[in-house]
>>> print(open('data.cif').read())   # mmCIF, C-alpha atoms and all ligand atoms
data_input
loop_
_atom_site.group_PDB
_atom_site.id
_atom_site.type_symbol
_atom_site.label_atom_id
_atom_site.label_comp_id
_atom_site.auth_asym_id
_atom_site.auth_seq_id
_atom_site.Cartn_x
_atom_site.Cartn_y
_atom_site.Cartn_z
ATOM 1 C CA MET U 75 0.000 0.000 0.000
ATOM 2 C CA HIS U 76 1.480 3.318 -1.025
ATOM 3 C CA PRO U 77 0.760 5.705 1.834
ATOM 4 C CA ALA U 78 0.504 8.649 -0.523
ATOM 5 C CA ILE U 79 -2.672 7.435 -2.264
ATOM 6 C CA ASP U 80 -5.925 7.761 -0.368
ATOM 7 C CA ALA U 81 -7.944 4.616 0.169
ATOM 8 C CA GLY U 82 -11.184 6.269 1.260
ATOM 9 C CA PRO U 83 -14.351 6.147 -0.853
ATOM 10 C CA MET U 84 -15.279 9.311 -2.690
ATOM 11 C CA ARG U 85 -18.239 10.135 -4.918
ATOM 12 C CA LEU U 86 -19.143 13.260 -6.856
ATOM 13 C CA ARG U 87 -22.799 14.100 -7.548
ATOM 14 C CA CYS U 88 -22.879 15.257 -11.101
ATOM 15 C CA GLY U 89 -26.369 15.934 -12.480
ATOM 16 C CA ARG U 90 -27.890 12.555 -13.404
ATOM 17 C CA HIS U 91 -24.486 10.901 -12.970
ATOM 18 C CA THR U 92 -22.522 9.892 -9.886
ATOM 19 C CA LEU U 93 -18.785 9.753 -10.432
ATOM 20 C CA ASN U 94 -16.771 7.202 -8.500
ATOM 21 C CA LEU U 95 -13.491 8.873 -7.542
ATOM 22 C CA ASP U 96 -12.059 6.061 -5.380
ATOM 23 C CA ILE U 97 -9.482 5.734 -8.116
ATOM 24 C CA PRO U 98 -8.394 8.967 -9.834
ATOM 25 C CA VAL U 99 -10.122 9.697 -13.148
ATOM 26 C CA VAL U 100 -9.291 11.690 -16.252
ATOM 27 C CA MET U 101 -11.229 14.726 -17.475
ATOM 28 C CA GLY U 102 -10.558 14.965 -21.224
ATOM 29 C CA VAL U 103 -10.096 18.462 -22.658
ATOM 30 C CA LEU U 104 -12.236 19.392 -25.652
ATOM 31 C CA ASN U 105 -11.450 22.864 -26.945
ATOM 32 C CA VAL U 106 -13.995 24.391 -29.294
ATOM 33 C CA THR U 107 -12.195 27.683 -29.747
ATOM 34 C CA PRO U 108 -11.534 28.486 -33.422
ATOM 35 C CA ASP U 109 -7.775 28.584 -32.879
ATOM 36 C CA SER U 110 -7.823 25.017 -31.567
ATOM 37 C CA PHE U 111 -9.025 23.634 -34.917
ATOM 38 C CA SER U 112 -6.741 24.842 -37.635
ATOM 39 C CA ASP U 113 -9.422 24.673 -40.339
ATOM 40 C CA GLY U 114 -11.472 27.256 -38.451
ATOM 41 C CA GLY U 115 -15.109 27.228 -39.627
ATOM 42 C CA ARG U 116 -17.923 25.654 -37.644
ATOM 43 C CA PHE U 117 -18.828 23.033 -40.260
ATOM 44 C CA VAL U 118 -15.442 21.507 -39.630
ATOM 45 C CA ALA U 119 -15.342 22.200 -35.911
ATOM 46 C CA LEU U 120 -18.523 20.347 -34.844
ATOM 47 C CA PRO U 121 -17.770 16.918 -36.402
ATOM 48 C CA ALA U 122 -14.116 17.245 -35.402
ATOM 49 C CA ALA U 123 -15.078 18.061 -31.812
ATOM 50 C CA LEU U 124 -17.469 15.090 -31.620
ATOM 51 C CA ALA U 125 -14.876 12.723 -33.064
ATOM 52 C CA GLN U 126 -12.283 13.931 -30.565
ATOM 53 C CA ALA U 127 -14.736 13.487 -27.664
ATOM 54 C CA GLU U 128 -15.611 9.958 -28.798
ATOM 55 C CA ARG U 129 -11.945 9.124 -29.018
ATOM 56 C CA MET U 130 -11.335 10.403 -25.481
ATOM 57 C CA ALA U 131 -14.330 8.399 -24.189
ATOM 58 C CA HIS U 132 -12.913 5.284 -25.874
ATOM 59 C CA GLU U 133 -9.522 5.942 -24.277
ATOM 60 C CA GLY U 134 -11.043 5.928 -20.802
ATOM 61 C CA ALA U 135 -11.973 9.514 -19.957
ATOM 62 C CA ALA U 136 -14.523 9.787 -17.134
ATOM 63 C CA ILE U 137 -15.608 13.364 -17.988
ATOM 64 C CA ILE U 138 -15.379 15.493 -21.135
ATOM 65 C CA ASP U 139 -14.686 19.195 -20.503
ATOM 66 C CA VAL U 140 -15.961 21.420 -23.317
ATOM 67 C CA GLY U 141 -14.470 24.912 -23.483
ATOM 68 C CA GLY U 142 -15.326 27.753 -25.859
ATOM 69 C CA GLU U 143 -13.410 30.570 -24.206
ATOM 70 C CA SER U 144 -9.638 30.473 -24.257
ATOM 71 C CA THR U 145 -8.333 31.059 -20.743
ATOM 72 C CA ARG U 146 -4.684 30.887 -21.723
ATOM 73 C CA PRO U 147 -2.442 33.627 -20.345
ATOM 74 C CA GLY U 148 -2.917 36.794 -22.384
ATOM 75 C CA ALA U 149 -6.180 35.606 -23.982
ATOM 76 C CA ALA U 150 -8.928 38.159 -24.625
ATOM 77 C CA PRO U 151 -12.480 37.507 -23.347
ATOM 78 C CA VAL U 152 -15.063 36.031 -25.761
ATOM 79 C CA ASP U 153 -18.586 37.507 -25.963
ATOM 80 C CA VAL U 154 -21.520 35.484 -24.669
ATOM 81 C CA GLY U 155 -23.203 34.963 -28.043
ATOM 82 C CA GLU U 156 -20.045 33.578 -29.587
ATOM 83 C CA GLU U 157 -19.358 31.297 -26.614
ATOM 84 C CA LEU U 158 -22.929 29.946 -26.769
ATOM 85 C CA ARG U 159 -22.640 29.285 -30.520
ATOM 86 C CA ARG U 160 -19.399 27.377 -30.008
ATOM 87 C CA VAL U 161 -20.316 25.329 -26.963
ATOM 88 C CA ILE U 162 -24.036 24.529 -26.892
ATOM 89 C CA PRO U 163 -24.313 22.522 -30.150
ATOM 90 C CA VAL U 164 -21.358 20.402 -29.012
ATOM 91 C CA VAL U 165 -22.932 19.749 -25.591
ATOM 92 C CA GLU U 166 -26.302 18.809 -27.147
ATOM 93 C CA LYS U 167 -24.717 16.287 -29.493
ATOM 94 C CA LEU U 168 -22.303 14.898 -26.884
ATOM 95 C CA VAL U 169 -24.975 14.081 -24.317
ATOM 96 C CA GLU U 170 -26.848 12.166 -27.041
ATOM 97 C CA ARG U 171 -23.794 10.227 -28.145
ATOM 98 C CA ILE U 172 -21.755 9.452 -25.064
ATOM 99 C CA GLN U 173 -22.716 8.168 -21.635
ATOM 100 C CA LEU U 174 -20.133 10.249 -19.759
ATOM 101 C CA PRO U 175 -20.859 13.397 -17.795
ATOM 102 C CA VAL U 176 -20.161 16.481 -19.910
ATOM 103 C CA SER U 177 -18.523 19.455 -18.199
ATOM 104 C CA VAL U 178 -18.573 22.984 -19.576
ATOM 105 C CA ASP U 179 -15.645 25.297 -18.945
ATOM 106 C CA THR U 180 -17.253 28.717 -18.523
ATOM 107 C CA SER U 181 -17.545 31.630 -16.108
ATOM 108 C CA LYS U 182 -20.681 33.192 -17.604
ATOM 109 C CA PRO U 183 -24.044 32.475 -15.921
ATOM 110 C CA GLU U 184 -25.816 32.680 -19.278
ATOM 111 C CA VAL U 185 -23.578 30.004 -20.770
ATOM 112 C CA MET U 186 -23.962 27.923 -17.574
ATOM 113 C CA ARG U 187 -27.776 28.064 -17.852
ATOM 114 C CA ALA U 188 -27.772 27.063 -21.524
ATOM 115 C CA ALA U 189 -25.225 24.307 -20.900
ATOM 116 C CA ILE U 190 -27.254 22.859 -18.018
ATOM 117 C CA ALA U 191 -30.434 23.000 -20.146
ATOM 118 C CA ALA U 192 -28.531 21.196 -22.932
ATOM 119 C CA GLY U 193 -27.651 18.347 -20.537
ATOM 120 C CA ALA U 194 -24.234 19.273 -19.089
ATOM 121 C CA SER U 195 -23.543 17.579 -15.731
ATOM 122 C CA MET U 196 -20.711 19.783 -14.496
ATOM 123 C CA ILE U 197 -19.519 23.384 -14.687
ATOM 124 C CA ASN U 198 -15.773 24.020 -14.643
ATOM 125 C CA ASP U 199 -15.321 27.663 -13.654
ATOM 126 C CA VAL U 200 -11.831 29.185 -13.527
ATOM 127 C CA TYR U 201 -13.446 32.200 -11.748
ATOM 128 C CA ALA U 202 -14.959 29.916 -9.070
ATOM 129 C CA LEU U 203 -18.505 31.339 -9.482
ATOM 130 C CA ARG U 204 -17.467 34.946 -8.761
ATOM 131 C CA GLU U 205 -19.502 36.379 -11.676
ATOM 132 C CA PRO U 206 -22.758 37.890 -10.386
ATOM 133 C CA GLY U 207 -25.525 35.291 -10.667
ATOM 134 C CA ALA U 208 -23.185 32.351 -11.167
ATOM 135 C CA ILE U 209 -23.663 30.777 -7.711
ATOM 136 C CA ASP U 210 -27.465 31.019 -7.947
ATOM 137 C CA THR U 211 -27.443 29.510 -11.429
ATOM 138 C CA VAL U 212 -25.547 26.453 -10.219
ATOM 139 C CA ALA U 213 -27.561 26.274 -6.975
ATOM 140 C CA LYS U 214 -30.807 25.956 -8.972
ATOM 141 C CA SER U 215 -29.440 22.867 -10.745
ATOM 142 C CA GLU U 216 -28.005 19.480 -9.786
ATOM 143 C CA VAL U 217 -24.686 19.825 -11.613
ATOM 144 C CA ALA U 218 -21.236 19.465 -10.083
ATOM 145 C CA ILE U 219 -19.028 22.538 -9.932
ATOM 146 C CA CYS U 220 -15.232 22.816 -10.083
ATOM 147 C CA LEU U 221 -14.040 25.886 -8.155
ATOM 148 C CA MET U 222 -10.612 26.981 -9.376
ATOM 149 C CA HIS U 223 -8.192 29.494 -7.866
ATOM 150 C CA MET U 224 -6.786 32.229 -10.073
ATOM 151 C CA GLN U 225 -4.803 35.291 -9.048
ATOM 152 C CA GLY U 226 -5.822 38.205 -11.298
ATOM 153 C CA GLU U 227 -7.407 37.558 -14.704
ATOM 154 C CA PRO U 228 -6.172 35.669 -17.790
ATOM 155 C CA ARG U 229 -5.054 38.796 -19.681
ATOM 156 C CA THR U 230 -2.583 39.886 -16.988
ATOM 157 C CA MET U 231 -2.249 37.046 -14.469
ATOM 158 C CA GLN U 232 1.268 35.937 -15.447
ATOM 159 C CA LYS U 233 2.752 39.464 -15.156
ATOM 160 C CA GLU U 234 3.861 39.417 -11.522
ATOM 161 C CA PRO U 235 2.228 36.698 -9.451
ATOM 162 C CA ARG U 236 3.001 37.168 -5.747
ATOM 163 C CA TYR U 237 2.097 35.247 -2.609
ATOM 164 C CA ALA U 238 3.256 35.245 1.008
ATOM 165 C CA ASP U 239 2.341 31.525 1.168
ATOM 166 C CA VAL U 240 0.843 30.225 -2.051
ATOM 167 C CA LEU U 241 -0.708 27.054 -0.574
ATOM 168 C CA VAL U 242 -2.334 28.909 2.309
ATOM 169 C CA GLU U 243 -3.690 31.675 0.068
ATOM 170 C CA VAL U 244 -5.083 29.216 -2.471
ATOM 171 C CA ARG U 245 -6.600 27.059 0.278
ATOM 172 C CA ASP U 246 -8.187 30.023 2.073
ATOM 173 C CA PHE U 247 -9.669 31.320 -1.174
ATOM 174 C CA LEU U 248 -11.123 27.890 -2.016
ATOM 175 C CA ARG U 249 -12.468 27.471 1.531
ATOM 176 C CA GLY U 250 -14.256 30.799 1.145
ATOM 177 C CA ARG U 251 -15.768 29.797 -2.204
ATOM 178 C CA VAL U 252 -16.836 26.383 -0.851
ATOM 179 C CA ALA U 253 -18.541 28.126 2.098
ATOM 180 C CA ARG U 254 -20.390 30.522 -0.251
ATOM 181 C CA CYS U 255 -21.579 27.586 -2.365
ATOM 182 C CA VAL U 256 -22.774 25.584 0.635
ATOM 183 C CA ASP U 257 -24.580 28.694 2.002
ATOM 184 C CA ALA U 258 -26.326 29.046 -1.363
ATOM 185 C CA GLY U 259 -27.591 25.461 -1.079
ATOM 186 C CA ILE U 260 -25.068 23.593 -3.244
ATOM 187 C CA ALA U 261 -24.399 20.257 -1.522
ATOM 188 C CA ALA U 262 -20.741 19.607 -0.650
ATOM 189 C CA SER U 263 -21.078 16.321 -2.595
ATOM 190 C CA ARG U 264 -21.280 18.438 -5.805
ATOM 191 C CA LEU U 265 -18.074 20.415 -5.196
ATOM 192 C CA VAL U 266 -14.577 19.997 -6.627
ATOM 193 C CA ILE U 267 -11.620 22.272 -5.794
ATOM 194 C CA ASP U 268 -8.641 23.114 -7.986
ATOM 195 C CA PRO U 269 -5.482 25.134 -7.167
ATOM 196 C CA GLY U 270 -5.379 26.472 -10.734
ATOM 197 C CA PHE U 271 -1.864 25.585 -11.836
ATOM 198 C CA GLY U 272 -0.465 28.349 -14.041
ATOM 199 C CA PHE U 273 -3.267 30.815 -13.287
ATOM 200 C CA GLY U 274 -1.333 33.704 -11.745
ATOM 201 C CA LYS U 275 1.504 31.422 -10.617
ATOM 202 C CA THR U 276 5.191 31.117 -11.409
ATOM 203 C CA VAL U 277 6.824 27.726 -11.958
ATOM 204 C CA GLU U 278 7.997 27.865 -8.318
ATOM 205 C CA HIS U 279 4.435 28.542 -7.127
ATOM 206 C CA ASN U 280 3.157 25.611 -9.207
ATOM 207 C CA LEU U 281 5.832 23.299 -7.784
ATOM 208 C CA GLU U 282 5.068 24.319 -4.218
ATOM 209 C CA LEU U 283 1.344 23.709 -4.763
ATOM 210 C CA LEU U 284 2.140 20.301 -6.205
ATOM 211 C CA ARG U 285 4.497 19.469 -3.334
ATOM 212 C CA ARG U 286 1.841 20.444 -0.769
ATOM 213 C CA LEU U 287 -1.277 19.294 -2.646
ATOM 214 C CA ARG U 288 -2.176 16.924 0.184
ATOM 215 C CA GLU U 289 -2.867 19.932 2.417
ATOM 216 C CA LEU U 290 -5.620 20.954 -0.019
ATOM 217 C CA ALA U 291 -6.944 17.406 -0.363
ATOM 218 C CA ALA U 292 -7.182 17.237 3.449
ATOM 219 C CA ASP U 293 -10.080 19.715 3.315
ATOM 220 C CA GLY U 294 -12.245 16.859 2.030
ATOM 221 C CA CYS U 295 -13.461 18.027 -1.390
ATOM 222 C CA PRO U 296 -12.101 16.089 -4.360
ATOM 223 C CA VAL U 297 -9.134 17.947 -5.886
ATOM 224 C CA LEU U 298 -8.838 18.448 -9.645
ATOM 225 C CA ALA U 299 -5.394 19.134 -11.121
ATOM 226 C CA GLY U 300 -4.858 20.684 -14.545
ATOM 227 C CA LEU U 301 -1.222 20.434 -15.579
ATOM 228 C CA SER U 302 -1.501 18.900 -19.054
ATOM 229 C CA ARG U 303 0.689 20.604 -21.686
ATOM 230 C CA LYS U 304 1.218 23.690 -19.532
ATOM 231 C CA SER U 305 4.174 25.933 -20.297
ATOM 232 C CA MET U 306 5.884 25.156 -16.981
ATOM 233 C CA ILE U 307 6.821 21.814 -18.579
ATOM 234 C CA ASP U 308 9.102 23.472 -21.145
ATOM 235 C CA LYS U 309 10.703 25.518 -18.408
ATOM 236 C CA LEU U 310 11.447 22.359 -16.411
ATOM 237 C CA THR U 311 12.531 20.080 -19.276
ATOM 238 C CA GLY U 312 14.379 22.731 -21.254
ATOM 239 C CA ARG U 313 12.642 21.547 -24.425
ATOM 240 C CA THR U 314 11.928 23.955 -27.239
ATOM 241 C CA ASP U 315 10.253 21.493 -29.634
ATOM 242 C CA GLY U 316 6.788 21.628 -28.034
ATOM 243 C CA GLU U 317 6.868 17.990 -26.832
ATOM 244 C CA ARG U 318 5.067 17.981 -23.498
ATOM 245 C CA LEU U 319 3.568 14.493 -23.133
ATOM 246 C CA GLY U 320 6.260 13.072 -20.840
ATOM 247 C CA GLY U 321 6.201 16.161 -18.664
ATOM 248 C CA SER U 322 2.399 16.140 -18.546
ATOM 249 C CA LEU U 323 2.329 12.513 -17.407
ATOM 250 C CA ALA U 324 4.948 13.097 -14.719
ATOM 251 C CA LEU U 325 3.030 16.091 -13.359
ATOM 252 C CA ALA U 326 -0.288 14.218 -13.450
ATOM 253 C CA MET U 327 1.239 11.344 -11.439
ATOM 254 C CA LEU U 328 2.723 13.744 -8.880
ATOM 255 C CA ALA U 329 -0.755 15.263 -8.562
ATOM 256 C CA ILE U 330 -2.441 11.904 -7.907
ATOM 257 C CA LEU U 331 0.277 11.008 -5.400
ATOM 258 C CA GLY U 332 -0.682 14.300 -3.718
ATOM 259 C CA GLY U 333 -4.293 13.160 -3.527
ATOM 260 C CA ALA U 334 -5.827 14.619 -6.726
ATOM 261 C CA ARG U 335 -8.941 12.634 -7.769
ATOM 262 C CA ILE U 336 -9.499 14.226 -11.178
ATOM 263 C CA VAL U 337 -6.743 14.973 -13.674
ATOM 264 C CA ARG U 338 -7.585 17.316 -16.554
ATOM 265 C CA ALA U 339 -5.683 16.076 -19.607
ATOM 266 C CA HIS U 340 -5.421 16.404 -23.382
ATOM 267 C CA ASP U 341 -3.726 13.004 -23.882
ATOM 268 C CA VAL U 342 -6.354 10.791 -22.292
ATOM 269 C CA GLY U 343 -5.089 7.285 -23.180
ATOM 270 C CA PRO U 344 -1.533 7.771 -21.883
ATOM 271 C CA THR U 345 -2.837 9.480 -18.735
ATOM 272 C CA VAL U 346 -5.269 6.616 -18.022
ATOM 273 C CA ASP U 347 -2.414 4.095 -18.504
ATOM 274 C CA ALA U 348 -0.168 6.001 -16.110
ATOM 275 C CA ILE U 349 -2.920 6.178 -13.468
ATOM 276 C CA ARG U 350 -3.448 2.409 -13.807
ATOM 277 C CA ILE U 351 0.238 1.796 -13.130
ATOM 278 C CA VAL U 352 0.356 4.064 -10.104
ATOM 279 C CA THR U 353 -2.892 2.694 -8.641
ATOM 280 C CA ALA U 354 -1.802 -0.926 -9.302
ATOM 281 C CA MET U 355 1.101 -0.303 -6.962
ATOM 282 C CA ASN U 356 -1.506 0.603 -4.401
ATOM 283 C CA GLY U 357 -3.112 -2.852 -4.815
ATOM 284 C CA ARG U 358 -6.169 -1.436 -6.607
ATOM 285 C CA HIS U 359 -6.388 -1.989 -10.321
ATOM 286 C CA GLY U 360 -9.247 0.233 -11.319
ATOM 287 C CA GLU U 361 -12.011 -2.379 -11.193
ATOM 288 C CA SER U 362 -14.127 -0.585 -8.588
HETATM 289 C C1 LIG U 401 -7.416 24.538 -16.172
HETATM 290 C C2 LIG U 401 -8.764 24.664 -16.480
HETATM 291 C C3 LIG U 401 -7.571 25.433 -18.128
HETATM 292 C C4 LIG U 401 -7.067 23.992 -14.904
HETATM 293 C C5 LIG U 401 -9.432 23.752 -14.482
HETATM 294 C C6 LIG U 401 -4.902 24.944 -20.178
HETATM 295 C C7 LIG U 401 -10.089 25.564 -18.387
HETATM 296 C C8 LIG U 401 -5.489 26.228 -19.782
HETATM 297 N N1 LIG U 401 -6.671 25.007 -17.218
HETATM 298 N N2 LIG U 401 -9.772 24.276 -15.654
HETATM 299 N N3 LIG U 401 -8.854 25.233 -17.712
HETATM 300 N N4 LIG U 401 -8.115 23.617 -14.098
HETATM 301 N N5 LIG U 401 -10.380 23.359 -13.616
HETATM 302 O O1 LIG U 401 -3.652 24.989 -20.379
HETATM 303 O O2 LIG U 401 -5.908 23.885 -14.500
HETATM 304 O O3 LIG U 401 -5.567 23.918 -20.325
HETATM 305 S S1 LIG U 401 -7.238 26.201 -19.667
#
>>> encode(input="data.cif", output="structure tokens", more="lines below")
Ligand code: 8Y7
Amino acid sequence: MHPAIDAGPMRLRCGRHTLNLDIPVVMGVLNVTPDSFSDGGRFVALPAALAQAERMAHEGAAIIDVGGESTRPGAAPVDVGEELRRVIPVVEKLVERIQLPVSVDTSKPEVMRAAIAAGASMINDVYALREPGAIDTVAKSEVAICLMHMQGEPRTMQKEPRYADVLVEVRDFLRGRVARCVDAGIAASRLVIDPGFGFGKTVEHNLELLRRLRELAADGCPVLAGLSRKSMIDKLTGRTDGERLGGSLALAMLAILGGARIVRAHDVGPTVDAIRIVTAMNGRHGES
């Protein structure tokens, strides 16, 4: 038994689904921003997005996270109408075609409402429901919600991130957001917390959060970690060729050894394989 991996049962209420998180699972990333499909136009983007989602489901993803607003450092905000046009048709088709819970990566209450009406089971909000109306929108539904920490906003967050104690500040922020959600009537069994790697954090901040992730996990909510293909990998490997798979897998495994129950990843198959190896060492092979 590896002492670093939790043995305790954990479930996430997720709309009409219940996710078993006893063994860590993979959330597959599905970008529907125009710059993520080189051919651009929507006629190409919808079938391509569905094919990619089906591939990730086949490779063992437990959740598909659909995002129509780029939250990369320096990215400009997208208007509501455009985000709805990108995301909602994909959600409608996905819930028809795959059995997995569909998550929507958005901060806008209007997009949340439409996504929930279209059958989404989870909202992934990098603003942690700080937009006016966002908490109430989620409270009126049964969906799960991932509350992520970010210092600043995407356009400027990587300029000069500063913390006295990054783990404590991230944890206190997330505790505050969890309390606001519970006060609004969102059951704790629907909540996920996320330190927001790379969102207003230097490489050193990210490494400290990873090193101390267990202190976040100790609060009791399942922890989601998003490290896949992030730029910190190049800084650590010294690579300049854009190859980030090995680095992504190493970071994802460090996160699950720190107690993360959901890993957000672009390369679903390799990440599922790596989780199986690490959990096999723990005497649990993923059958539960
Ligand atoms: C994260 C995320 C991104 C993350 C959660 C990227 C939407 C940047 N990163 N959501 N989204 N956690 N919950 O590189 O770390 O994928 S976008």
>>> atom_distance(input="data.cif", atom1="atom CA of U:Leu93", atom2="atom CA of U:Leu290")
20.2 Å
>>> resolve_selection(input="data.cif", expression="the PyMOL selection byres (((not hetatm)) within 9 of (chain U and resi 401))", output="ChimeraX atom specification")
/U:103,105,139-141,143-147,178-180,198-200,220-223,266-273,298-305,337-340
>>> closest_residue(input="data.cif", among="U:Ala125, U:Gly274, U:Glu133, U:Arg85", to="U:Pro344", atoms="all atoms listed in the file")
U:Glu133
>>> atom_distance(input="data.cif", atom1="atom CA of U:Val154", atom2="atom CA of U:Glu205")
13.2 Å
>>> residues_around(input="data.cif", residues="U:Ala123", least_positions_apart="2", cutoff="8 Å", atoms="only C-alpha atoms", output="mmCIF file with C-alpha atoms, in the coordinates of the input")
data_model
loop_
_atom_site.group_PDB
_atom_site.id
_atom_site.type_symbol
_atom_site.label_atom_id
_atom_site.label_comp_id
_atom_site.auth_asym_id
_atom_site.auth_seq_id
_atom_site.Cartn_x
_atom_site.Cartn_y
_atom_site.Cartn_z
ATOM 1 C CA LEU U 104 -12.236 19.392 -25.652
ATOM 2 C CA ASN U 105 -11.450 22.864 -26.945
ATOM 3 C CA VAL U 106 -13.995 24.391 -29.294
ATOM 4 C CA ALA U 119 -15.342 22.200 -35.911
ATOM 5 C CA LEU U 120 -18.523 20.347 -34.844
ATOM 6 C CA PRO U 121 -17.770 16.918 -36.402
ATOM 7 C CA ALA U 125 -14.876 12.723 -33.064
ATOM 8 C CA GLN U 126 -12.283 13.931 -30.565
ATOM 9 C CA ALA U 127 -14.736 13.487 -27.664
ATOM 10 C CA VAL U 164 -21.358 20.402 -29.012
#
>>> build_atoms(input="data.cif", residues="stretch 314-328 of chain U", atoms="N, CA, C and O atoms", output="mmCIF file, keeping the file's coordinate frame")
data_model
loop_
_atom_site.group_PDB
_atom_site.id
_atom_site.type_symbol
_atom_site.label_atom_id
_atom_site.label_comp_id
_atom_site.auth_asym_id
_atom_site.auth_seq_id
_atom_site.Cartn_x
_atom_site.Cartn_y
_atom_site.Cartn_z
ATOM 1 N N THR U 314 12.423 22.833 -26.428
ATOM 2 C CA THR U 314 11.928 23.955 -27.239
ATOM 3 C C THR U 314 11.135 23.417 -28.428
ATOM 4 O O THR U 314 10.714 24.172 -29.285
ATOM 5 N N ASP U 315 10.925 22.088 -28.469
ATOM 6 C CA ASP U 315 10.253 21.493 -29.634
ATOM 7 C C ASP U 315 8.761 21.279 -29.415
ATOM 8 O O ASP U 315 8.085 20.696 -30.248
ATOM 9 N N GLY U 316 8.234 21.736 -28.263
ATOM 10 C CA GLY U 316 6.788 21.628 -28.034
ATOM 11 C C GLY U 316 6.343 20.263 -27.521
ATOM 12 O O GLY U 316 5.148 20.056 -27.314
ATOM 13 N N GLU U 317 7.255 19.323 -27.311
ATOM 14 C CA GLU U 317 6.868 17.990 -26.832
ATOM 15 C C GLU U 317 6.638 18.035 -25.326
ATOM 16 O O GLU U 317 7.579 18.225 -24.563
ATOM 17 N N ARG U 318 5.391 17.839 -24.923
ATOM 18 C CA ARG U 318 5.067 17.981 -23.498
ATOM 19 C C ARG U 318 4.400 16.750 -22.895
ATOM 20 O O ARG U 318 3.952 16.799 -21.745
ATOM 21 N N LEU U 319 4.297 15.655 -23.657
ATOM 22 C CA LEU U 319 3.568 14.493 -23.133
ATOM 23 C C LEU U 319 4.246 13.889 -21.909
ATOM 24 O O LEU U 319 3.589 13.655 -20.893
ATOM 25 N N GLY U 320 5.553 13.663 -21.990
ATOM 26 C CA GLY U 320 6.260 13.072 -20.840
ATOM 27 C C GLY U 320 6.137 13.936 -19.604
ATOM 28 O O GLY U 320 5.851 13.445 -18.498
ATOM 29 N N GLY U 321 6.328 15.228 -19.794
ATOM 30 C CA GLY U 321 6.201 16.161 -18.664
ATOM 31 C C GLY U 321 4.798 16.178 -18.102
ATOM 32 O O GLY U 321 4.595 16.208 -16.875
ATOM 33 N N SER U 322 3.800 16.129 -18.998
ATOM 34 C CA SER U 322 2.399 16.140 -18.546
ATOM 35 C C SER U 322 2.092 14.914 -17.698
ATOM 36 O O SER U 322 1.412 15.002 -16.666
ATOM 37 N N LEU U 323 2.593 13.754 -18.148
ATOM 38 C CA LEU U 323 2.329 12.513 -17.407
ATOM 39 C C LEU U 323 2.999 12.549 -16.038
ATOM 40 O O LEU U 323 2.400 12.156 -15.033
ATOM 41 N N ALA U 324 4.244 13.027 -16.004
ATOM 42 C CA ALA U 324 4.948 13.097 -14.719
ATOM 43 C C ALA U 324 4.189 14.014 -13.756
ATOM 44 O O ALA U 324 3.970 13.665 -12.583
ATOM 45 N N LEU U 325 3.757 15.159 -14.233
ATOM 46 C CA LEU U 325 3.030 16.091 -13.359
ATOM 47 C C LEU U 325 1.696 15.507 -12.907
ATOM 48 O O LEU U 325 1.294 15.655 -11.747
ATOM 49 N N ALA U 326 1.003 14.819 -13.823
ATOM 50 C CA ALA U 326 -0.288 14.218 -13.450
ATOM 51 C C ALA U 326 -0.085 13.160 -12.360
ATOM 52 O O ALA U 326 -0.889 13.071 -11.420
ATOM 53 N N MET U 327 1.001 12.374 -12.458
ATOM 54 C CA MET U 327 1.239 11.344 -11.439
ATOM 55 C C MET U 327 1.625 11.974 -10.111
ATOM 56 O O MET U 327 1.211 11.505 -9.055
ATOM 57 N N LEU U 328 2.407 13.053 -10.139
ATOM 58 C CA LEU U 328 2.723 13.744 -8.880
ATOM 59 C C LEU U 328 1.428 14.269 -8.255
ATOM 60 O O LEU U 328 1.257 14.220 -7.033
#
